[in-house]
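S.K.: What follows is the file structure.csv, containing CSV, C-alpha atoms and all ligand atoms:
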```
chain,number,residue,atom,x,y,z
A,23,MET,CA,-11.4,-25.2,28.9
A,24,ALA,CA,-12.9,-24.7,25.4
A,25,ASN,CA,-10.8,-23.1,22.8
A,26,GLN,CA,-12.9,-20.0,22.5
A,27,GLU,CA,-12.6,-19.5,26.3
A,28,ILE,CA,-8.8,-19.7,26.1
A,29,ILE,CA,-8.9,-17.2,23.2
A,30,ASP,CA,-11.1,-14.8,25.2
A,31,LYS,CA,-8.9,-15.2,28.3
A,32,LEU,CA,-5.7,-14.5,26.2
A,33,LYS,CA,-7.2,-11.5,24.5
A,34,ASN,CA,-8.4,-10.1,27.9
A,35,ALA,CA,-5.0,-10.6,29.5
A,36,LEU,CA,-3.3,-8.7,26.7
A,37,VAL,CA,-5.8,-5.9,26.7
A,38,ASN,CA,-5.4,-5.6,30.5
A,39,GLN,CA,-1.6,-5.4,30.3
A,40,ASP,CA,-1.3,-8.7,32.2
A,41,ILE,CA,2.1,-9.9,31.0
A,42,ASN,CA,2.3,-13.1,32.9
A,43,GLY,CA,-1.4,-13.9,32.2
A,44,THR,CA,-0.7,-13.4,28.4
A,45,VAL,CA,2.2,-15.7,28.4
A,46,GLU,CA,0.4,-18.4,30.4
A,47,ALA,CA,-2.8,-18.2,28.3
A,48,THR,CA,-0.6,-18.4,25.1
A,49,LYS,CA,1.0,-21.6,26.5
A,50,GLU,CA,-2.5,-22.9,27.3
A,51,ALA,CA,-3.7,-22.2,23.8
A,52,LEU,CA,-0.7,-24.1,22.3
A,53,ALA,CA,-1.3,-27.0,24.7
A,54,ALA,CA,-4.9,-27.1,23.6
A,55,GLY,CA,-3.7,-27.8,20.0
A,56,MET,CA,-4.2,-24.4,18.4
A,57,THR,CA,-1.7,-23.3,15.8
A,58,ALA,CA,0.5,-20.3,16.4
A,59,ASN,CA,-1.1,-18.4,13.5
A,60,ASP,CA,-4.6,-19.0,14.9
A,61,ILE,CA,-3.6,-17.8,18.3
A,62,ILE,CA,-2.1,-14.6,16.7
A,63,ASN,CA,-5.0,-14.0,14.3
A,64,ASN,CA,-7.8,-14.8,16.7
A,65,ALA,CA,-6.5,-13.4,20.0
A,66,LEU,CA,-3.3,-11.4,20.0
A,67,ALA,CA,-3.8,-9.2,16.9
A,68,PRO,CA,-7.5,-8.4,17.7
A,69,GLY,CA,-6.3,-7.6,21.3
A,70,MET,CA,-3.8,-5.1,20.0
A,71,LYS,CA,-6.5,-3.6,17.8
A,72,ILE,CA,-8.7,-3.1,20.9
A,73,ILE,CA,-5.7,-1.4,22.6
A,74,GLY,CA,-5.3,0.9,19.6
A,75,ASP,CA,-9.0,1.8,19.7
A,76,LYS,CA,-8.9,2.5,23.5
A,77,PHE,CA,-5.8,4.8,22.9
A,78,GLU,CA,-7.6,6.7,20.1
A,79,VAL,CA,-10.5,7.6,22.5
A,80,ALA,CA,-8.0,8.5,25.3
A,81,GLU,CA,-9.3,5.6,27.5
A,82,ILE,CA,-5.6,4.4,27.9
A,83,TYR,CA,-2.3,6.1,27.2
A,84,LEU,CA,1.2,5.2,25.8
A,85,PRO,CA,2.5,3.5,29.0
A,86,GLN,CA,-0.4,1.0,28.8
A,87,ILE,CA,0.2,0.4,25.1
A,88,MET,CA,3.8,-0.3,25.8
A,89,MET,CA,2.9,-2.8,28.5
A,90,SER,CA,0.5,-4.6,26.1
A,91,ALA,CA,3.3,-4.5,23.5
A,92,LYS,CA,5.6,-6.2,26.0
A,93,ALA,CA,3.0,-8.8,26.7
A,94,MET,CA,2.6,-9.4,23.0
A,95,ASN,CA,6.4,-9.7,22.5
A,96,ASN,CA,6.7,-12.2,25.3
A,97,ALA,CA,3.8,-14.2,23.8
A,98,MET,CA,5.6,-14.1,20.4
A,99,GLU,CA,8.7,-15.7,22.0
A,100,VAL,CA,6.5,-18.5,23.2
A,101,LEU,CA,5.0,-18.9,19.8
A,102,ARG,CA,8.1,-18.5,17.6
A,103,PRO,CA,9.2,-22.2,17.6
A,104,ALA,CA,5.6,-23.3,16.6
A,105,MET,CA,5.5,-20.5,13.9
A,106,GLU,CA,8.7,-21.7,12.4
A,107,LYS,CA,7.2,-25.2,11.9
A,108,GLU,CA,4.0,-23.8,10.3
A,109,LYS,CA,5.4,-23.5,6.9
A,110,ILE,CA,3.1,-23.7,3.9
A,111,GLY,CA,5.7,-23.8,1.1
A,112,GLU,CA,9.4,-23.7,0.1
A,113,GLY,CA,10.2,-20.2,-1.1
A,114,SER,CA,13.5,-19.3,-2.8
A,115,GLY,CA,15.4,-16.0,-2.9
A,116,ILE,CA,15.8,-13.1,-0.6
A,117,ALA,CA,13.1,-11.2,1.4
A,118,ILE,CA,14.2,-7.7,2.4
A,119,THR,CA,11.9,-6.8,5.3
A,120,PHE,CA,11.6,-3.4,6.9
A,121,VAL,CA,9.4,-0.8,8.6
A,122,GLN,CA,9.0,2.4,6.7
A,123,GLU,CA,10.8,5.6,7.7
A,124,GLY,CA,9.4,7.4,10.8
A,125,ASP,CA,7.7,4.3,12.1
A,126,ILE,CA,8.9,2.1,14.9
A,127,HIS,CA,5.9,-0.3,15.2
A,128,ASP,CA,7.7,-3.6,14.7
A,129,ILE,CA,5.4,-6.4,16.1
A,130,GLY,CA,3.7,-7.2,12.8
A,131,HIS,CA,7.0,-6.7,10.9
A,132,ARG,CA,8.7,-9.3,13.1
A,133,LEU,CA,5.9,-11.8,12.7
A,134,VAL,CA,6.0,-11.4,8.9
A,135,SER,CA,9.8,-11.8,8.9
A,136,THR,CA,9.5,-15.0,11.0
A,137,MET,CA,6.9,-16.5,8.7
A,138,LEU,CA,8.8,-15.6,5.5
A,139,GLY,CA,12.0,-17.1,7.0
A,140,ALA,CA,10.0,-20.2,8.0
A,141,ASN,CA,8.9,-20.6,4.4
A,142,GLY,CA,12.4,-20.7,3.0
A,143,PHE,CA,13.2,-17.1,2.2
A,144,LYS,CA,16.6,-15.7,3.2
A,145,ILE,CA,15.7,-12.7,5.4
A,146,ILE,CA,17.5,-9.4,5.3
A,147,ASP,CA,15.8,-7.5,8.1
A,148,LEU,CA,16.5,-3.8,7.9
A,149,GLY,CA,14.6,-3.1,11.1
A,150,VAL,CA,12.4,-0.1,11.8
A,151,ASP,CA,12.5,3.6,10.6
A,152,VAL,CA,14.1,2.6,7.3
A,153,SER,CA,14.6,5.3,4.7
A,154,ASN,CA,14.0,4.7,1.0
A,155,GLU,CA,17.7,5.4,0.4
A,156,THR,CA,18.6,2.4,2.6
A,157,ILE,CA,16.0,0.2,0.8
A,158,ILE,CA,17.4,1.1,-2.6
A,159,GLU,CA,21.0,0.5,-1.5
A,160,GLU,CA,20.0,-3.0,-0.3
A,161,VAL,CA,18.2,-3.8,-3.6
A,162,LYS,CA,21.3,-2.6,-5.5
A,163,LYS,CA,23.5,-4.9,-3.4
A,164,ASN,CA,21.4,-7.8,-4.3
A,165,LYS,CA,20.8,-7.1,-8.0
A,166,GLY,CA,20.7,-10.2,-10.2
A,167,LYS,CA,19.2,-12.3,-7.3
A,168,LYS,CA,15.5,-13.1,-6.8
A,169,VAL,CA,14.4,-10.3,-4.4
A,170,LEU,CA,11.1,-9.6,-2.6
A,171,LEU,CA,10.6,-6.4,-0.6
A,172,ALA,CA,8.2,-6.8,2.3
A,173,GLY,CA,7.6,-3.5,4.0
A,174,SER,CA,5.3,-2.6,6.9
A,175,ALA,CA,3.7,0.7,7.9
A,176,LEU,CA,1.4,1.2,10.9
A,177,MET,CA,0.6,4.9,10.6
A,178,THR,CA,-1.1,6.7,7.8
A,179,THR,CA,1.9,9.0,7.6
A,180,SER,CA,4.5,6.2,7.1
A,181,MET,CA,2.2,4.4,4.7
A,182,MET,CA,2.7,7.4,2.3
A,183,SER,CA,6.4,6.5,2.1
A,184,GLN,CA,5.4,3.2,0.5
A,185,LYS,CA,4.4,5.2,-2.6
A,186,ASP,CA,7.9,6.9,-2.5
A,187,THR,CA,9.6,3.5,-2.3
A,188,ILE,CA,7.9,2.5,-5.6
A,189,VAL,CA,8.8,5.8,-7.2
A,190,ALA,CA,12.5,5.5,-6.0
A,191,LEU,CA,12.7,1.9,-7.4
A,192,LYS,CA,11.4,3.2,-10.8
A,193,GLU,CA,13.8,6.2,-10.8
A,194,GLU,CA,16.7,3.8,-10.2
A,195,GLY,CA,15.5,1.4,-13.0
A,196,LEU,CA,15.1,-1.3,-10.3
A,197,ARG,CA,11.3,-1.7,-10.3
A,198,ASP,CA,11.3,-4.8,-12.6
A,199,SER,CA,14.0,-6.5,-10.7
A,200,VAL,CA,12.0,-6.9,-7.5
A,201,LYS,CA,8.6,-8.0,-6.3
A,202,VAL,CA,7.1,-5.6,-3.7
A,203,MET,CA,4.5,-6.3,-1.0
A,204,PHE,CA,3.4,-3.9,1.7
A,205,GLY,CA,1.3,-4.4,4.8
A,206,GLY,CA,0.3,-3.0,8.1
A,207,ALA,CA,-3.0,-2.0,9.6
A,208,PRO,CA,-3.8,1.0,7.4
A,209,VAL,CA,-2.7,-0.7,4.1
A,210,THR,CA,-5.6,-1.7,1.8
A,211,LYS,CA,-5.7,-3.6,-1.6
A,212,GLN,CA,-6.9,-0.3,-3.1
A,213,TRP,CA,-3.7,1.5,-1.9
A,214,ILE,CA,-1.5,-1.3,-3.3
A,215,THR,CA,-3.2,-1.0,-6.7
A,216,GLU,CA,-3.0,2.8,-6.6
A,217,ILE,CA,0.8,2.9,-5.9
A,218,GLY,CA,1.6,0.0,-8.2
A,219,ALA,CA,2.9,-2.5,-5.6
A,220,ASP,CA,2.5,-6.2,-6.2
A,221,GLY,CA,0.6,-7.5,-3.2
A,222,THR,CA,-0.5,-7.2,0.4
A,223,ALA,CA,-1.7,-9.5,3.3
A,224,GLU,CA,-3.7,-9.1,6.4
A,225,ASN,CA,-1.6,-11.3,8.6
A,226,ALA,CA,1.8,-13.2,8.6
A,227,ALA,CA,0.5,-16.5,7.3
A,228,GLU,CA,-1.2,-14.8,4.4
A,229,ALA,CA,2.0,-12.8,3.8
A,230,ALA,CA,3.9,-16.1,3.4
A,231,ARG,CA,1.3,-17.3,0.9
A,232,VAL,CA,1.4,-14.0,-1.1
A,233,ALA,CA,5.3,-14.0,-1.0
A,234,LEU,CA,5.4,-17.6,-2.4
A,235,ASP,CA,2.9,-16.7,-5.2
A,236,LEU,CA,4.8,-13.5,-6.1
A,237,THR,CA,8.2,-15.3,-6.3
A,238,ARG,CA,7.0,-18.5,-7.9
A,239,LYS,CA,8.1,-17.6,-11.5
A,301,LIG,CO1,1.2,3.0,18.1
A,301,LIG,N1,-0.3,3.7,16.9
A,301,LIG,N2,2.0,4.9,18.1
A,301,LIG,N3,2.4,2.3,19.3
A,301,LIG,N4,0.1,1.5,18.1
A,301,LIG,C1,-1.2,2.7,16.3
A,301,LIG,C2,-0.6,2.2,15.1
A,301,LIG,C3,-2.5,3.6,16.1
A,301,LIG,C4,-3.4,3.1,14.9
A,301,LIG,C5,-3.3,3.7,17.4
A,301,LIG,C6,-4.5,4.6,17.2
A,301,LIG,O1,-4.5,5.8,17.3
A,301,LIG,N5,-5.7,4.0,17.0
A,301,LIG,C7,-1.8,5.0,15.8
A,301,LIG,C8,-1.6,5.4,14.3
A,301,LIG,C9,-2.7,6.3,13.8
A,301,LIG,C10,-2.5,6.5,12.3
A,301,LIG,O2,-1.5,7.0,11.8
A,301,LIG,N6,-3.6,6.2,11.6
A,301,LIG,C11,-0.6,5.0,16.6
A,301,LIG,C12,0.1,6.1,17.1
A,301,LIG,C13,-0.5,7.5,16.7
A,301,LIG,C14,1.4,6.0,17.7
A,301,LIG,C15,2.3,7.2,18.2
A,301,LIG,C16,2.4,8.4,17.2
A,301,LIG,C17,1.7,7.6,19.6
A,301,LIG,C18,2.4,8.8,20.2
A,301,LIG,O3,3.6,8.8,20.4
A,301,LIG,N7,1.6,9.8,20.5
A,301,LIG,C19,3.6,6.5,18.4
A,301,LIG,C20,4.4,6.5,17.1
A,301,LIG,C21,5.8,6.0,17.2
A,301,LIG,C22,6.5,5.8,15.8
A,301,LIG,O4,6.3,4.8,15.2
A,301,LIG,N8,7.2,6.9,15.4
A,301,LIG,C23,3.2,5.1,18.7
A,301,LIG,C24,3.9,4.2,19.5
A,301,LIG,C25,3.5,2.9,19.8
A,301,LIG,C26,4.3,2.0,20.8
A,301,LIG,C27,5.8,2.2,20.8
A,301,LIG,C28,3.7,2.3,22.2
A,301,LIG,C29,3.8,0.6,20.4
A,301,LIG,C30,4.7,-0.1,19.3
A,301,LIG,C31,5.6,-1.1,20.0
A,301,LIG,C32,6.3,-2.0,18.9
A,301,LIG,O5,5.8,-2.2,17.8
A,301,LIG,N9,7.5,-2.4,19.3
A,301,LIG,C33,2.4,0.9,19.6
A,301,LIG,C34,1.4,0.0,19.3
A,301,LIG,C35,1.6,-1.4,19.9
A,301,LIG,C36,0.3,0.3,18.6
A,301,LIG,C37,-1.0,-0.6,18.3
A,301,LIG,C38,-1.8,-0.5,19.6
A,301,LIG,C39,-0.8,-2.0,17.9
A,301,LIG,C40,0.1,-2.3,16.7
A,301,LIG,C41,0.4,-3.8,16.6
A,301,LIG,O6,1.4,-4.2,17.1
A,301,LIG,N10,-0.5,-4.6,16.1
A,301,LIG,C42,-1.6,0.2,17.1
A,301,LIG,C43,-3.1,0.0,16.9
A,301,LIG,C44,-3.5,-0.7,15.6
A,301,LIG,O7,-2.7,-1.1,14.8
A,301,LIG,N11,-4.8,-0.7,15.3
A,301,LIG,C45,-1.2,1.7,17.5
A,301,LIG,C46,-0.4,-6.0,16.1
A,301,LIG,C47,0.3,-6.6,14.8
A,301,LIG,C48,0.3,-8.1,14.9
A,301,LIG,O8,-0.5,-6.1,13.7
A,301,LIG,O9,-0.9,-4.7,11.7
A,301,LIG,O10,1.4,-4.6,12.9
A,301,LIG,P1,0.2,-5.4,12.5
A,301,LIG,O11,0.8,-6.5,11.5
A,301,LIG,C49,0.0,-7.6,10.9
A,301,LIG,C50,-0.6,-7.2,9.6
A,301,LIG,O12,-0.8,-5.8,9.3
A,301,LIG,C51,0.3,-7.9,8.5
A,301,LIG,O13,0.8,-9.0,9.2
A,301,LIG,C52,1.0,-8.7,10.6
A,301,LIG,C53,0.9,-9.9,11.5
A,301,LIG,O14,-0.4,-10.4,11.6
A,301,LIG,N12,1.5,-7.1,8.1
A,301,LIG,C54,2.0,-7.3,6.8
A,301,LIG,C55,2.3,-6.3,8.7
A,301,LIG,N13,3.3,-5.9,8.0
A,301,LIG,C56,3.2,-6.5,6.8
A,301,LIG,C57,4.0,-6.5,5.7
A,301,LIG,C58,3.6,-7.3,4.6
A,301,LIG,O15,4.4,-7.3,3.5
A,301,LIG,C59,2.5,-8.0,4.6
A,301,LIG,C60,1.7,-8.1,5.7
```
Once more with this new file: its structure as structure tokens, please.
M.R.:
Amino acid sequence: MANQEIIDKLKNALVNQDINGTVEATKEALAAGMTANDIINNALAPGMKIIGDKFEVAEIYLPQIMMSAKAMNNAMEVLRPAMEKEKIGEGSGIAITFVQEGDIHDIGHRLVSTMLGANGFKIIDLGVDVSNETIIEEVKKNKGKKVLLAGSALMTTSMMSQKDTIVALKEEGLRDSVKVMFGGAPVTKQWITEIGADGTAENAAEAARVALDLTRK
């Protein structure tokens, strides 16, 4: 089967909440020689975007999103060993990763954490629904070390908290001691500039590249 056919089959399985089909097509894509990041960026992430669009127009409901999320999680387990080998550089320092307060969407966050870990960063994963107080506390604990914050937000509401994270860092006199990158579907470069963060990325592989660049000096 041609690569594009496997990609289409995988995307369809995910969109149709076919958990076994998603896992099998993911294995097929790896066996065909595709990289984990290509499989994610060309099939799984676009599939999740279709799911979100269908939800928005009430064509599907939460139980179906949850089934597709389960299929995506199972596919990620298949891809994790390959992802861990797809390193592009050797980072140094700590990456504190988290999903902003009020937000439990963790699929992208886990992909980014995996890729940063694969590229040499020591990961402190604060998980989902993380308050700015918790983030500040963790930055204080690691003061004096090279620290990168990598936060995710999937909703426009939780994205607003990214601005508060920057404000809180400034208020605590910590802004210059960390690099800050934010991502997630609603995050744009314009938003990053507006709130005074240091970078963003559209996917996990790009996140690793940006993280390496930001922490190089
Ligand atoms: Co959810 N949901 N959801 N959802 N959900 C979204 C996000 C909507 C856009 C769907 C829609 O309406 N079109 C929408 C948000 C609308 C908005 O605010 N603009 C929405 C909503 C409304 C909700 C609920 C409120 C629904 C409800 O209860 N009525 C509820 C909120 C729960 C909460 O957080 N408090 C909810 C719940 C759920 C679940 C639980 C069913 C499930 C999450 C399961 C889980 O994560 N464990 C879910 C899902 C799966 C989605 C969609 C369909 C997919 C998200 C996803 O996993 N994408 C999403 C639709 C969409 O995003 N368009 C929908 C795939 C990953 C790979 O992409 O963008 O997360 P990613 O990450 C990328 C990229 O952004 C970047 O790299 C990643 C890897 O490639 N990146 C970074 C991410 N973080 C980065 C950090 C960096 O520093 C750098 C790069």
S.K.: Can you tell me which residues surround region 181-190 of chain A at a distance of at most 10 Å, considering only C-alpha atoms, apart from same-chain residues fewer than 2 positions away, and format the answer as a PyMOL selection string?
M.R.: chain A and resi 121-125+153-155+157-158+173-179+192-197+202-209+213-214+216-219
S.K.: Please save C-alpha atoms of the selected residues as a PDB file, in the coordinates of the input.
M.R.:
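The result, stored in result37.pdb:
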```
ATOM      1  CA  VAL A 121       9.400  -0.800   8.600  1.00  0.00           C
ATOM      2  CA  GLN A 122       9.000   2.400   6.700  1.00  0.00           C
ATOM      3  CA  GLU A 123      10.800   5.600   7.700  1.00  0.00           C
ATOM      4  CA  GLY A 124       9.400   7.400  10.800  1.00  0.00           C
ATOM      5  CA  ASP A 125       7.700   4.300  12.100  1.00  0.00           C
ATOM      6  CA  SER A 153      14.600   5.300   4.700  1.00  0.00           C
ATOM      7  CA  ASN A 154      14.000   4.700   1.000  1.00  0.00           C
ATOM      8  CA  GLU A 155      17.700   5.400   0.400  1.00  0.00           C
ATOM      9  CA  ILE A 157      16.000   0.200   0.800  1.00  0.00           C
ATOM     10  CA  ILE A 158      17.400   1.100  -2.600  1.00  0.00           C
ATOM     11  CA  GLY A 173       7.600  -3.500   4.000  1.00  0.00           C
ATOM     12  CA  SER A 174       5.300  -2.600   6.900  1.00  0.00           C
ATOM     13  CA  ALA A 175       3.700   0.700   7.900  1.00  0.00           C
ATOM     14  CA  LEU A 176       1.400   1.200  10.900  1.00  0.00           C
ATOM     15  CA  MET A 177       0.600   4.900  10.600  1.00  0.00           C
ATOM     16  CA  THR A 178      -1.100   6.700   7.800  1.00  0.00           C
ATOM     17  CA  THR A 179       1.900   9.000   7.600  1.00  0.00           C
ATOM     18  CA  LYS A 192      11.400   3.200 -10.800  1.00  0.00           C
ATOM     19  CA  GLU A 193      13.800   6.200 -10.800  1.00  0.00           C
ATOM     20  CA  GLU A 194      16.700   3.800 -10.200  1.00  0.00           C
ATOM     21  CA  GLY A 195      15.500   1.400 -13.000  1.00  0.00           C
ATOM     22  CA  LEU A 196      15.100  -1.300 -10.300  1.00  0.00           C
ATOM     23  CA  ARG A 197      11.300  -1.700 -10.300  1.00  0.00           C
ATOM     24  CA  VAL A 202       7.100  -5.600  -3.700  1.00  0.00           C
ATOM     25  CA  MET A 203       4.500  -6.300  -1.000  1.00  0.00           C
ATOM     26  CA  PHE A 204       3.400  -3.900   1.700  1.00  0.00           C
ATOM     27  CA  GLY A 205       1.300  -4.400   4.800  1.00  0.00           C
ATOM     28  CA  GLY A 206       0.300  -3.000   8.100  1.00  0.00           C
ATOM     29  CA  ALA A 207      -3.000  -2.000   9.600  1.00  0.00           C
ATOM     30  CA  PRO A 208      -3.800   1.000   7.400  1.00  0.00           C
ATOM     31  CA  VAL A 209      -2.700  -0.700   4.100  1.00  0.00           C
ATOM     32  CA  TRP A 213      -3.700   1.500  -1.900  1.00  0.00           C
ATOM     33  CA  ILE A 214      -1.500  -1.300  -3.300  1.00  0.00           C
ATOM     34  CA  GLU A 216      -3.000   2.800  -6.600  1.00  0.00           C
ATOM     35  CA  ILE A 217       0.800   2.900  -5.900  1.00  0.00           C
ATOM     36  CA  GLY A 218       1.600   0.000  -8.200  1.00  0.00           C
ATOM     37  CA  ALA A 219       2.900  -2.500  -5.600  1.00  0.00           C
TER      38      ALA A 219
END
```
S.K.: Do a neighbour search on Asn59 (chain A) at 9 Å with all atoms listed in the file, toss out local chain neighbours closer than 2 positions, and write the hits as a PyMOL selection string.
M.R.: chain A and resi 56-57+61-64+101+104-105+108+225-227
S.K.: For ligand LIG 301 (chain A), which residue out of A:Val161, A:Ala65, A:Met70, A:Leu234 is the nearest one, using all atoms listed in the file?
M.R.: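 Nearest to ligand LIG 301 (chain A): A:Met70.
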S.K.: Which residues come within 6 Å of Thr44 (chain A), counting only C-alpha atoms, excluding same-chain residues fewer than 5 positions away, as a count of residues only?
M.R.: 3
S.K.: What is the CA of Asp40 (chain A) to atom C24 of ligand LIG 301 (chain A) distance in Å?
M.R.: 18.8 Å
S.K.: Env of Leu170 (chain A): 7 Å cut, atoms = all atoms listed in the file, seq-sep filter 6 positions within chain, self excluded. Answer as a VMD selection string.
M.R.: chain A and resid 116 to 118 200 to 202
S.K.: Tell me which of A:Val45, A:Met98, A:Ile72, A:Lys163 sits closest to Ile129 (chain A), counting all atoms listed in the file.
M.R.: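 With all atoms listed in the file as the atom set, the closest residue is A:Met98.
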S.K.: Identify which of the residues A:Ser199, A:Asn141, A:Ser180, A:Thr222 lies closest to Lys162 (chain A), counting only C-alpha atoms when measuring atom-to-atom distances.
M.R.: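 Among the listed residues, A:Ser199 lies closest to Lys162 (chain A).
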S.K.: Rounded to one decimal place, report the atom C43 of ligand LIG 301 (chain A)-CA of Gly55 (chain A) distance in Å.
M.R.: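 Going from atom C43 of ligand LIG 301 (chain A) over to CA of Gly55 (chain A), I get 28.0 Å.
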S.K.: Quick one: distance from CA of Met88 (chain A) to CA of Gly139 (chain A) in Å, one decimal?
M.R.: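 Computed distance, CA of Met88 (chain A) to CA of Gly139 (chain A), equals 26.5 Å.
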